[in-house]
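Visitor: Sharing target-v4.txt (compact mmCIF, C-alpha atoms and all ligand atoms) below.
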# COMPACT_ATOMS: atom_id res chain seq x y z
CA MET A 1 24.80 -19.04 -172.26
CA ARG A 2 27.70 -19.95 -174.55
CA VAL A 3 29.54 -16.91 -175.93
CA ILE A 4 29.69 -17.04 -179.72
CA LYS A 5 32.75 -15.76 -181.54
CA ARG A 6 32.74 -17.86 -184.68
CA ILE A 7 30.06 -19.69 -186.63
CA ALA A 8 30.11 -21.87 -189.73
CA VAL A 9 27.40 -22.09 -192.36
CA LEU A 10 26.74 -24.80 -194.95
CA THR A 11 24.19 -25.66 -197.61
CA SER A 12 23.37 -29.34 -198.01
CA GLY A 13 21.27 -31.71 -200.13
CA GLY A 14 19.54 -30.51 -203.28
CA ASP A 15 20.22 -26.83 -203.90
CA ALA A 16 17.28 -24.41 -203.87
CA PRO A 17 16.86 -20.93 -205.36
CA GLY A 18 17.05 -18.52 -202.41
CA MET A 19 19.85 -20.35 -200.59
CA ASN A 20 22.24 -17.53 -201.51
CA ALA A 21 19.97 -14.97 -199.86
CA ALA A 22 20.05 -17.12 -196.72
CA ILE A 23 23.88 -17.38 -196.80
CA ARG A 24 24.11 -13.62 -197.22
CA ALA A 25 21.72 -12.93 -194.36
CA VAL A 26 23.46 -15.38 -192.00
CA THR A 27 26.84 -13.85 -192.87
CA ARG A 28 25.91 -10.20 -192.57
CA CYS A 29 23.78 -10.62 -189.43
CA ALA A 30 26.59 -12.61 -187.78
CA LEU A 31 29.22 -10.02 -188.80
CA ALA A 32 26.97 -7.36 -187.25
CA GLN A 33 27.43 -9.23 -183.95
CA ASP A 34 31.22 -9.24 -184.47
CA TRP A 35 31.20 -13.00 -185.03
CA ASP A 36 33.54 -14.58 -187.58
CA VAL A 37 31.82 -16.57 -190.30
CA LEU A 38 33.23 -19.62 -192.06
CA GLY A 39 31.53 -20.85 -195.23
CA VAL A 40 31.74 -24.65 -195.59
CA ARG A 41 32.01 -25.92 -199.14
CA ARG A 42 29.95 -28.91 -200.43
CA GLY A 43 27.76 -29.39 -197.38
CA TYR A 44 28.58 -32.12 -194.87
CA ALA A 45 31.13 -33.61 -197.28
CA GLY A 46 33.16 -30.38 -197.04
CA LEU A 47 32.67 -30.17 -193.27
CA VAL A 48 34.26 -33.57 -192.81
CA GLU A 49 37.19 -32.57 -195.03
CA GLY A 50 37.53 -29.09 -193.50
CA GLU A 51 36.85 -27.31 -196.82
CA VAL A 52 36.04 -23.81 -195.62
CA GLU A 53 36.58 -20.18 -196.48
CA PRO A 54 36.05 -17.09 -194.36
CA LEU A 55 32.93 -15.19 -195.42
CA THR A 56 32.96 -11.42 -195.37
CA GLY A 57 30.41 -8.79 -196.25
CA ARG A 58 32.02 -8.65 -199.72
CA THR A 59 32.17 -12.42 -200.34
CA VAL A 60 28.39 -12.49 -200.15
CA SER A 61 27.89 -9.39 -202.31
CA ASN A 62 25.81 -9.66 -205.46
CA ILE A 63 24.69 -13.25 -204.89
CA MET A 64 21.03 -12.86 -203.94
CA GLN A 65 19.77 -12.87 -207.50
CA ARG A 66 21.70 -16.03 -208.37
CA GLY A 67 20.20 -19.48 -208.17
CA GLY A 68 22.13 -22.39 -206.68
CA THR A 69 24.42 -21.91 -203.73
CA LEU A 70 27.65 -19.93 -203.48
CA LEU A 71 28.99 -22.59 -201.11
CA GLY A 72 28.15 -25.59 -203.25
CA SER A 73 26.14 -28.49 -201.96
CA ALA A 74 26.31 -32.27 -201.89
CA ARG A 75 24.43 -35.33 -200.80
CA CYS A 76 26.58 -37.06 -198.18
CA PRO A 77 25.27 -40.52 -197.29
CA GLU A 78 28.46 -41.15 -195.24
CA PHE A 79 27.20 -38.57 -192.76
CA GLU A 80 24.70 -41.18 -191.57
CA THR A 81 27.57 -43.00 -189.85
CA GLU A 82 28.75 -41.91 -186.43
CA ASP A 83 32.40 -42.13 -187.47
CA THR A 84 31.90 -39.50 -190.16
CA ARG A 85 29.94 -37.25 -187.81
CA ARG A 86 32.75 -37.55 -185.23
CA LYS A 87 35.20 -36.27 -187.85
CA ALA A 88 32.96 -33.24 -188.37
CA LEU A 89 32.69 -32.70 -184.62
CA TYR A 90 36.47 -32.90 -184.25
CA TRP A 91 36.98 -30.37 -187.04
CA LEU A 92 34.47 -27.95 -185.51
CA GLN A 93 36.15 -28.22 -182.10
CA GLN A 94 39.68 -27.87 -183.49
CA ASN A 95 38.66 -24.75 -185.39
CA ARG A 96 36.84 -23.24 -182.41
CA VAL A 97 33.53 -23.02 -184.24
CA ASP A 98 30.89 -22.13 -181.64
CA ALA A 99 27.79 -22.82 -183.74
CA LEU A 100 26.79 -24.27 -187.10
CA VAL A 101 23.98 -23.14 -189.43
CA VAL A 102 22.66 -25.86 -191.76
CA ILE A 103 20.62 -24.65 -194.74
CA GLY A 104 18.80 -27.61 -196.29
CA GLY A 105 15.89 -30.03 -196.38
CA ASN A 106 14.87 -33.17 -194.56
CA GLY A 107 18.07 -35.22 -194.91
CA SER A 108 20.21 -32.21 -194.02
CA GLN A 109 18.19 -31.46 -190.90
CA THR A 110 18.45 -35.11 -189.84
CA GLY A 111 22.24 -34.65 -190.02
CA ALA A 112 21.88 -31.40 -188.06
CA LEU A 113 19.93 -33.19 -185.32
CA ALA A 114 22.60 -35.90 -185.10
CA LEU A 115 25.28 -33.20 -184.61
CA ALA A 116 23.09 -31.38 -182.06
CA GLU A 117 22.78 -34.64 -180.11
CA MET A 118 26.59 -34.84 -180.05
CA GLY A 119 26.66 -31.42 -178.40
CA VAL A 120 27.20 -29.12 -181.40
CA PRO A 121 25.08 -25.95 -181.21
CA VAL A 122 23.23 -26.22 -184.52
CA VAL A 123 20.47 -24.16 -186.08
CA GLY A 124 18.78 -25.37 -189.27
CA VAL A 125 17.24 -23.22 -192.00
CA ALA A 126 14.32 -24.77 -193.92
CA SER A 127 15.28 -25.07 -197.58
CA THR A 128 14.07 -27.54 -200.21
CA ILE A 129 12.01 -27.16 -203.36
CA ASP A 130 9.96 -30.21 -202.30
CA ASN A 131 8.31 -28.39 -199.36
CA ASP A 132 8.17 -31.67 -197.47
CA LEU A 133 9.90 -30.45 -194.32
CA ALA A 134 7.87 -30.19 -191.12
CA GLY A 135 8.46 -27.04 -189.06
CA SER A 136 8.00 -24.57 -191.92
CA GLU A 137 4.82 -24.00 -193.89
CA ILE A 138 6.93 -23.12 -196.91
CA THR A 139 10.61 -23.70 -197.53
CA ILE A 140 13.23 -21.79 -199.51
CA GLY A 141 13.08 -22.56 -203.25
CA VAL A 142 9.48 -23.77 -203.48
CA ASP A 143 8.09 -20.57 -204.94
CA THR A 144 10.71 -20.38 -207.70
CA ALA A 145 10.31 -24.06 -208.60
CA LEU A 146 6.55 -23.67 -208.70
CA ASN A 147 6.75 -20.64 -210.97
CA ILE A 148 9.06 -22.51 -213.34
CA ALA A 149 6.62 -25.45 -213.44
CA LEU A 150 3.75 -23.04 -214.12
CA GLU A 151 5.55 -21.34 -216.95
CA ALA A 152 6.11 -24.75 -218.54
CA ILE A 153 2.45 -25.68 -218.03
CA ASP A 154 1.22 -22.43 -219.59
CA ARG A 155 3.42 -23.03 -222.62
CA LEU A 156 2.32 -26.65 -222.95
CA LYS A 157 -1.33 -25.64 -222.80
CA THR A 158 -1.01 -23.40 -225.84
CA THR A 159 0.46 -26.11 -228.03
CA ALA A 160 -1.94 -28.67 -226.52
CA SER A 161 -4.91 -26.55 -227.61
CA SER A 162 -3.58 -26.17 -231.16
CA HIS A 163 -3.29 -29.92 -231.63
CA GLN A 164 -6.02 -31.22 -229.33
CA ARG A 165 -3.41 -33.35 -227.64
CA ALA A 166 -3.21 -34.45 -224.05
CA PHE A 167 -0.09 -33.46 -222.16
CA LEU A 168 1.53 -34.94 -219.13
CA ILE A 169 4.10 -32.98 -217.19
CA GLU A 170 6.24 -34.54 -214.50
CA VAL A 171 7.50 -32.18 -211.80
CA MET A 172 9.99 -32.84 -209.00
CA GLY A 173 9.04 -34.22 -205.61
CA ARG A 174 10.83 -37.35 -204.54
CA LYS A 175 8.37 -38.41 -201.86
CA CYS A 176 6.04 -35.46 -201.77
CA GLY A 177 3.37 -34.19 -204.15
CA TYR A 178 3.30 -30.56 -203.00
CA LEU A 179 4.82 -29.10 -206.19
CA ALA A 180 2.61 -31.26 -208.42
CA LEU A 181 -0.55 -30.41 -206.51
CA MET A 182 0.10 -26.67 -206.45
CA ALA A 183 1.22 -26.59 -210.09
CA GLY A 184 -1.92 -28.55 -210.97
CA LEU A 185 -4.13 -26.15 -209.05
CA ALA A 186 -2.52 -22.98 -210.37
CA GLY A 187 -2.03 -24.36 -213.88
CA GLY A 188 -5.50 -25.85 -214.30
CA ALA A 189 -4.69 -29.56 -214.62
CA GLU A 190 -7.36 -32.16 -215.33
CA ILE A 191 -5.70 -34.58 -212.94
CA VAL A 192 -2.86 -34.51 -210.42
CA VAL A 193 -0.93 -37.68 -209.58
CA ILE A 194 1.05 -37.58 -206.32
CA PRO A 195 2.70 -40.16 -204.06
CA GLU A 196 0.25 -39.36 -201.25
CA ARG A 197 -2.77 -40.31 -203.44
CA GLU A 198 -1.92 -42.96 -205.94
CA THR A 199 -3.97 -43.05 -209.15
CA THR A 200 -4.12 -45.78 -211.80
CA PRO A 201 -3.16 -45.12 -215.46
CA GLU A 202 -6.76 -46.05 -216.38
CA GLU A 203 -8.04 -43.24 -214.16
CA VAL A 204 -5.59 -40.75 -215.71
CA ALA A 205 -6.80 -41.74 -219.19
CA ARG A 206 -10.44 -41.50 -218.05
CA GLN A 207 -9.97 -37.96 -216.67
CA LEU A 208 -8.13 -36.76 -219.78
CA ARG A 209 -10.81 -38.18 -222.06
CA ALA A 210 -13.55 -36.63 -219.88
CA ALA A 211 -11.93 -33.21 -220.38
CA TYR A 212 -12.39 -33.53 -224.18
CA GLU A 213 -15.93 -34.73 -223.66
CA ARG A 214 -16.65 -31.57 -221.67
CA GLY A 215 -15.51 -29.58 -224.69
CA LYS A 216 -11.99 -28.67 -223.58
CA LYS A 217 -9.34 -28.18 -226.25
CA HIS A 218 -6.54 -29.44 -224.09
CA ALA A 219 -6.15 -32.01 -221.36
CA LEU A 220 -3.32 -31.87 -218.85
CA ALA A 221 -2.05 -34.24 -216.18
CA VAL A 222 0.53 -33.04 -213.62
CA VAL A 223 2.48 -35.88 -212.08
CA ALA A 224 5.01 -35.93 -209.23
CA GLU A 225 8.24 -37.80 -209.98
CA GLY A 226 7.82 -39.75 -206.75
CA ALA A 227 4.40 -41.19 -207.64
CA VAL A 228 4.31 -44.94 -208.32
CA HIS A 229 2.85 -44.10 -211.73
CA ASN A 230 5.29 -41.30 -212.49
CA GLY A 231 5.81 -39.62 -215.87
CA GLY A 232 7.89 -42.45 -217.33
CA LYS A 233 5.49 -45.18 -216.24
CA LEU A 234 2.40 -43.35 -217.44
CA ASP A 235 4.05 -42.48 -220.75
CA ALA A 236 4.89 -46.15 -221.32
CA TRP A 237 1.34 -47.19 -220.42
CA PHE A 238 -0.20 -44.65 -222.81
CA ARG A 239 2.07 -45.84 -225.64
CA GLU A 240 1.12 -49.43 -224.99
CA HIS A 241 -2.59 -48.64 -224.98
CA SER A 242 -2.62 -45.91 -227.66
CA ALA A 243 -4.96 -47.87 -229.96
CA GLN A 244 -7.73 -48.09 -227.35
CA ILE A 245 -7.25 -44.60 -225.88
CA GLY A 246 -8.05 -42.66 -229.02
CA PHE A 247 -6.02 -39.50 -228.35
CA ASP A 248 -2.34 -38.58 -228.39
CA LEU A 249 -0.35 -37.92 -225.23
CA ARG A 250 2.97 -36.11 -225.02
CA THR A 251 5.11 -36.24 -221.89
CA THR A 252 7.47 -33.57 -220.57
CA THR A 253 9.77 -34.21 -217.63
CA LEU A 254 10.86 -30.91 -216.11
CA GLY A 255 13.57 -32.33 -213.84
CA HIS A 256 16.34 -30.08 -212.57
CA VAL A 257 15.18 -27.11 -214.67
CA GLN A 258 12.94 -26.42 -211.67
CA ARG A 259 15.88 -26.07 -209.29
CA GLY A 260 17.89 -23.71 -211.48
CA GLY A 261 17.63 -20.06 -212.32
CA THR A 262 16.82 -16.78 -210.68
CA PRO A 263 15.07 -16.94 -207.32
CA THR A 264 11.73 -15.14 -207.15
CA ALA A 265 11.27 -12.13 -204.86
CA PHE A 266 9.44 -14.44 -202.44
CA ASP A 267 12.39 -16.84 -202.19
CA ARG A 268 14.93 -14.04 -201.80
CA LEU A 269 12.88 -12.59 -198.97
CA LEU A 270 12.25 -15.98 -197.37
CA GLY A 271 15.97 -16.84 -197.55
CA THR A 272 16.79 -13.44 -196.08
CA ARG A 273 14.25 -13.73 -193.24
CA LEU A 274 15.15 -17.31 -192.32
CA GLY A 275 18.91 -16.65 -192.54
CA ALA A 276 18.54 -13.63 -190.25
CA GLY A 277 16.27 -15.75 -188.04
CA ALA A 278 19.04 -18.34 -187.62
CA VAL A 279 21.43 -15.72 -186.25
CA ALA A 280 18.67 -14.28 -184.04
CA ALA A 281 17.99 -17.78 -182.66
CA LEU A 282 21.69 -18.24 -181.83
CA MET A 283 21.73 -14.82 -180.13
CA ARG A 284 18.83 -15.97 -177.94
CA GLY A 285 20.85 -19.06 -177.03
CA GLU A 286 18.61 -21.43 -179.00
CA GLN A 287 20.17 -24.50 -180.56
CA GLY A 288 18.98 -27.80 -181.95
CA VAL A 289 16.16 -25.97 -183.73
CA LEU A 290 14.94 -25.39 -187.27
CA VAL A 291 14.15 -21.84 -188.37
CA GLY A 292 11.08 -21.80 -190.59
CA LEU A 293 7.96 -19.85 -191.40
CA ASN A 294 4.88 -20.61 -189.32
CA GLU A 295 1.64 -18.67 -189.76
CA GLY A 296 3.64 -16.15 -191.73
CA ARG A 297 6.17 -15.55 -188.96
CA VAL A 298 9.77 -16.65 -188.60
CA ALA A 299 9.71 -19.25 -185.83
CA THR A 300 11.82 -22.09 -184.46
CA THR A 301 10.84 -25.73 -183.97
CA PRO A 302 13.03 -28.32 -182.19
CA LEU A 303 14.94 -30.39 -184.77
CA LYS A 304 13.67 -33.49 -182.96
CA GLU A 305 10.15 -32.64 -184.13
CA VAL A 306 11.31 -32.02 -187.69
CA ALA A 307 13.94 -34.58 -188.67
CA GLY A 308 12.44 -37.46 -190.60
CA VAL A 309 8.91 -36.03 -190.29
CA ARG A 310 7.11 -35.53 -193.57
CA LYS A 311 4.67 -32.67 -194.02
CA VAL A 312 1.16 -33.80 -194.84
CA ILE A 313 -0.61 -32.63 -198.02
CA ASP A 314 -3.87 -30.79 -197.39
CA PRO A 315 -6.58 -33.24 -198.60
CA GLU A 316 -8.96 -30.34 -199.18
CA LEU A 317 -6.60 -28.86 -201.79
CA PHE A 318 -6.42 -32.22 -203.53
CA ARG A 319 -10.23 -32.37 -203.65
CA LEU A 320 -10.37 -28.76 -204.88
CA ALA A 321 -8.00 -29.55 -207.77
CA SER A 322 -10.43 -32.15 -209.06
CA VAL A 323 -13.51 -29.90 -208.59
CA LEU A 324 -11.83 -27.04 -210.45
CA ALA A 325 -10.80 -29.32 -213.30
CA GLN A 326 -14.47 -29.56 -214.30
O1 LIG B 401 16.00 -31.32 -203.54
C1 LIG B 401 14.86 -32.05 -203.74
C2 LIG B 401 14.93 -32.73 -205.08
O2 LIG B 401 14.98 -31.77 -206.12
C3 LIG B 401 13.80 -33.71 -205.32
O3 LIG B 401 12.64 -33.10 -205.80
C4 LIG B 401 14.43 -34.65 -206.31
O4 LIG B 401 13.83 -35.92 -206.24
C5 LIG B 401 15.85 -34.71 -205.85
O5 LIG B 401 16.11 -33.50 -205.18
C6 LIG B 401 16.85 -34.88 -206.95
O6 LIG B 401 18.09 -35.04 -206.38
P1 LIG B 401 19.47 -34.94 -207.14
O7 LIG B 401 19.64 -33.52 -207.58
O8 LIG B 401 20.47 -35.35 -206.13
O9 LIG B 401 19.36 -35.86 -208.31
Just give me the structure as structure tokens.
Guide:
Amino acid sequence: MRVIKRIAVLTSGGDAPGMNAAIRAVTRCALAQDWDVLGVRRGYAGLVEGEVEPLTGRTVSNIMQRGGTLLGSARCPEFETEDTRRKALYWLQQNRVDALVVIGGNGSQTGALALAEMGVPVVGVASTIDNDLAGSEITIGVDTALNIALEAIDRLKTTASSHQRAFLIEVMGRKCGYLALMAGLAGGAEIVVIPERETTPEEVARQLRAAYERGKKHALAVVAEGAVHNGGKLDAWFREHSAQIGFDLRTTTLGHVQRGGTPTAFDRLLGTRLGAGAVAALMRGEQGVLVGLNEGRVATTPLKEVAGVRKVIDPELFRLASVLAQ
């Protein structure tokens, strides 16, 4: 088994509340093994440029309660090319880095797999607010994002009831409707529109109208940004057809508000457990794996089974959302 003396850690892709707890746990658990820890700035972009700083117990002090990532993050499309990955490999070898921890979502773990296949000992940590990453039933940042969406929904429902208006709220989720479905379930939406189950604007209007006909004072649609009929498209359709529809609709797009702010207790603990799990995996000699939560336990899954694989939405939960809307 390879002896580890120095590791590097990076956060990549969209940031997620709880990433700082993961950085802290990776750093302090690694220091406890007498390993050196290098923090890579700006994800893979910083790795290619060699933008690093040594992390100590003090550098990661007082960061757990902060959203975002101490290390910064970036999307790095260039990392899809072998040339760019070779630069990263060269830098890691020149700086005698024995293992790399990649905290991020699907794109980041695809990059991690590519490095693992070039011989770099890599361990991924499951982190994205979209919760679309296979290999972890829930990922770092989801809980905070969901709570932010719910707070917005609760607020919208009060003003919706005062005015008897329909509201549409668009939440994040580029290709995945997890946040929209869960926010719809927990927030009591009349209809949820997600990329996995496309819905026509006519159907959205029908469900909102049906809510009034059942005597509700408000009517709410929760829509994922990645749906074909996303917030913008539905808003435009409702404006165009306002004369026939017979009720007002107001649209709110939550956007990056969901990714900012203080991580919930759940995300701090998840970041902590998965970060510690990454170091534990390296101590066991595991590499080329993602550390995630499976059946409530910290577990590893080969990156090969994770990269590019999209988690499937539970159809039963989708059905339940529509039953409960009644
Ligand atoms: O990190 C996931 C995510 O927040 C998606 O929900 C969203 O589509 C995307 O990132 C936005 O990316 P960016 O911050 O690069 O605009």
Visitor: Would you list the residues near (34.4, -27.5, -187.0), meaning any protein, DNA or RNA residue with an atom at most 10 Å from that point in file coordinates, counting only C-alpha atoms, as a list in words?
Guide: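 Answer for this query, in the requested form: Ile7, Ala8, Leu38, Val40, Leu47, Val48, Glu49, Gly50, Val52, Lys87, Ala88, Leu89, Tyr90, Trp91, Leu92, Gln93, Gln94, Asn95, Arg96, Val97, Asp98, Ala99, Leu100 and Val120 of chain A.
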Visitor: Given all atoms listed in the file as the basis, pick out the residue of A:Glu78, A:Glu295, A:Glu137, A:Glu170 nearest to ligand LIG 401 (chain B).
Guide: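 Distance minimum relative to ligand LIG 401 (chain B) lands on A:Glu170.
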Visitor: Pick out the residues sitting within 8 Å of Pro195 (chain A), and hand them over as a list in words; count all atoms listed in the file, and ignore anything fewer than 4 positions along from it in its own chain.
Guide: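 Answer for this query is Lys175, Cys176, Gly177, Ala224, Gly226, Ala227 and Val228 of chain A.
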Visitor: How would you report the residues lying within 6 Å of ligand LIG 401 (chain B), as a list in words, if you count only C-alpha atoms and all ligand atoms?
Guide: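 My answer, listing the contacting residues, is Gly14, Thr128, Ile129, Asp130, Met172, Gly173 and Arg174 of chain A.
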Visitor: CA of Ala160 (chain A) and CA of Leu220 (chain A), how far apart in Å?
Guide: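 Between CA of Leu220 (chain A) and CA of Ala160 (chain A) the gap is 8.4 Å.
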Visitor: Write out as a count of residues only each polymer residue whose atoms come within 9 Å of Gly57 (chain A), counting all atoms listed in the file; drop sequence neighbours fewer than 6 positions from it.
Guide: 4
Visitor: Name all residues at most 6 Å from region 141-149 of chain A (count all atoms listed in the file; drop same-chain ones fewer than 2 positions away) and give them as a PyMOL selection string.
Guide: chain A and resi 16-18+128-129+151-152+258-259+263-264+267
Visitor: My list of candidates is A:Ala134, A:Val101, A:Leu317, A:Val222. Which is closest to Thr199 (chain A) when distances are computed with only C-alpha atoms?
Guide: A:Val222
Visitor: Work out how far apart CA of Met1 (chain A) and CA of Asp36 (chain A) are and give it in Å to one decimal.
Guide: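 Interatomic distance here is 18.2 Å.
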Visitor: With only C-alpha atoms as the atoms that count, which of A:Ala219, A:Ala325, A:Ala126, A:Leu270 lies nearest to Thr158 (chain A)?
Guide: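 Of A:Ala219, A:Ala325, A:Ala126, A:Leu270, the one nearest Thr158 (chain A), counting only C-alpha atoms, is A:Ala219.
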Visitor: State, in Å with one decimal place, the distance from CA of Leu320 (chain A) to CA of Leu181 (chain A).
Guide: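 Spanning CA of Leu320 (chain A) to CA of Leu181 (chain A) is a straight-line distance of 10.1 Å.
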Visitor: Output region 195-209 of chain A with N, CA and C atoms present, as a PDB file, keeping the file's coordinate frame.
Guide:
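Dumped to part_5.pdb:
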ATOM      1  N   PRO A 195       2.432 -38.941-204.835  1.00  0.00           N
ATOM      2  CA  PRO A 195       2.700 -40.160-204.060  1.00  0.00           C
ATOM      3  C   PRO A 195       1.700 -40.363-202.921  1.00  0.00           C
ATOM      4  N   GLU A 196       1.174 -39.252-202.391  1.00  0.00           N
ATOM      5  CA  GLU A 196       0.250 -39.360-201.250  1.00  0.00           C
ATOM      6  C   GLU A 196      -1.107 -39.913-201.655  1.00  0.00           C
ATOM      7  N   ARG A 197      -1.474 -39.827-202.951  1.00  0.00           N
ATOM      8  CA  ARG A 197      -2.770 -40.310-203.440  1.00  0.00           C
ATOM      9  C   ARG A 197      -2.556 -41.019-204.764  1.00  0.00           C
ATOM     10  N   GLU A 198      -2.227 -42.271-204.688  1.00  0.00           N
ATOM     11  CA  GLU A 198      -1.920 -42.960-205.940  1.00  0.00           C
ATOM     12  C   GLU A 198      -3.142 -43.064-206.841  1.00  0.00           C
ATOM     13  N   THR A 199      -2.901 -43.011-208.146  1.00  0.00           N
ATOM     14  CA  THR A 199      -3.970 -43.050-209.150  1.00  0.00           C
ATOM     15  C   THR A 199      -3.548 -44.055-210.225  1.00  0.00           C
ATOM     16  N   THR A 200      -4.480 -44.798-210.769  1.00  0.00           N
ATOM     17  CA  THR A 200      -4.120 -45.780-211.800  1.00  0.00           C
ATOM     18  C   THR A 200      -3.984 -45.092-213.165  1.00  0.00           C
ATOM     19  N   PRO A 201      -3.239 -45.680-214.106  1.00  0.00           N
ATOM     20  CA  PRO A 201      -3.160 -45.120-215.460  1.00  0.00           C
ATOM     21  C   PRO A 201      -4.545 -45.053-216.111  1.00  0.00           C
ATOM     22  N   GLU A 202      -5.400 -46.041-215.812  1.00  0.00           N
ATOM     23  CA  GLU A 202      -6.760 -46.050-216.380  1.00  0.00           C
ATOM     24  C   GLU A 202      -7.523 -44.804-215.947  1.00  0.00           C
ATOM     25  N   GLU A 203      -7.338 -44.423-214.685  1.00  0.00           N
ATOM     26  CA  GLU A 203      -8.040 -43.240-214.160  1.00  0.00           C
ATOM     27  C   GLU A 203      -7.501 -41.960-214.825  1.00  0.00           C
ATOM     28  N   VAL A 204      -6.177 -41.924-215.035  1.00  0.00           N
ATOM     29  CA  VAL A 204      -5.590 -40.750-215.710  1.00  0.00           C
ATOM     30  C   VAL A 204      -6.196 -40.636-217.108  1.00  0.00           C
ATOM     31  N   ALA A 205      -6.249 -41.754-217.830  1.00  0.00           N
ATOM     32  CA  ALA A 205      -6.800 -41.740-219.190  1.00  0.00           C
ATOM     33  C   ALA A 205      -8.279 -41.319-219.160  1.00  0.00           C
ATOM     34  N   ARG A 206      -9.006 -41.820-218.147  1.00  0.00           N
ATOM     35  CA  ARG A 206     -10.440 -41.500-218.050  1.00  0.00           C
ATOM     36  C   ARG A 206     -10.643 -39.990-217.840  1.00  0.00           C
ATOM     37  N   GLN A 207      -9.831 -39.402-216.960  1.00  0.00           N
ATOM     38  CA  GLN A 207      -9.970 -37.960-216.670  1.00  0.00           C
ATOM     39  C   GLN A 207      -9.580 -37.110-217.878  1.00  0.00           C
ATOM     40  N   LEU A 208      -8.560 -37.535-218.600  1.00  0.00           N
ATOM     41  CA  LEU A 208      -8.130 -36.760-219.780  1.00  0.00           C
ATOM     42  C   LEU A 208      -9.205 -36.835-220.860  1.00  0.00           C
ATOM     43  N   ARG A 209      -9.754 -38.036-221.044  1.00  0.00           N
ATOM     44  CA  ARG A 209     -10.810 -38.180-222.060  1.00  0.00           C
ATOM     45  C   ARG A 209     -12.031 -37.347-221.659  1.00  0.00           C
TER      46      ARG A 209
END
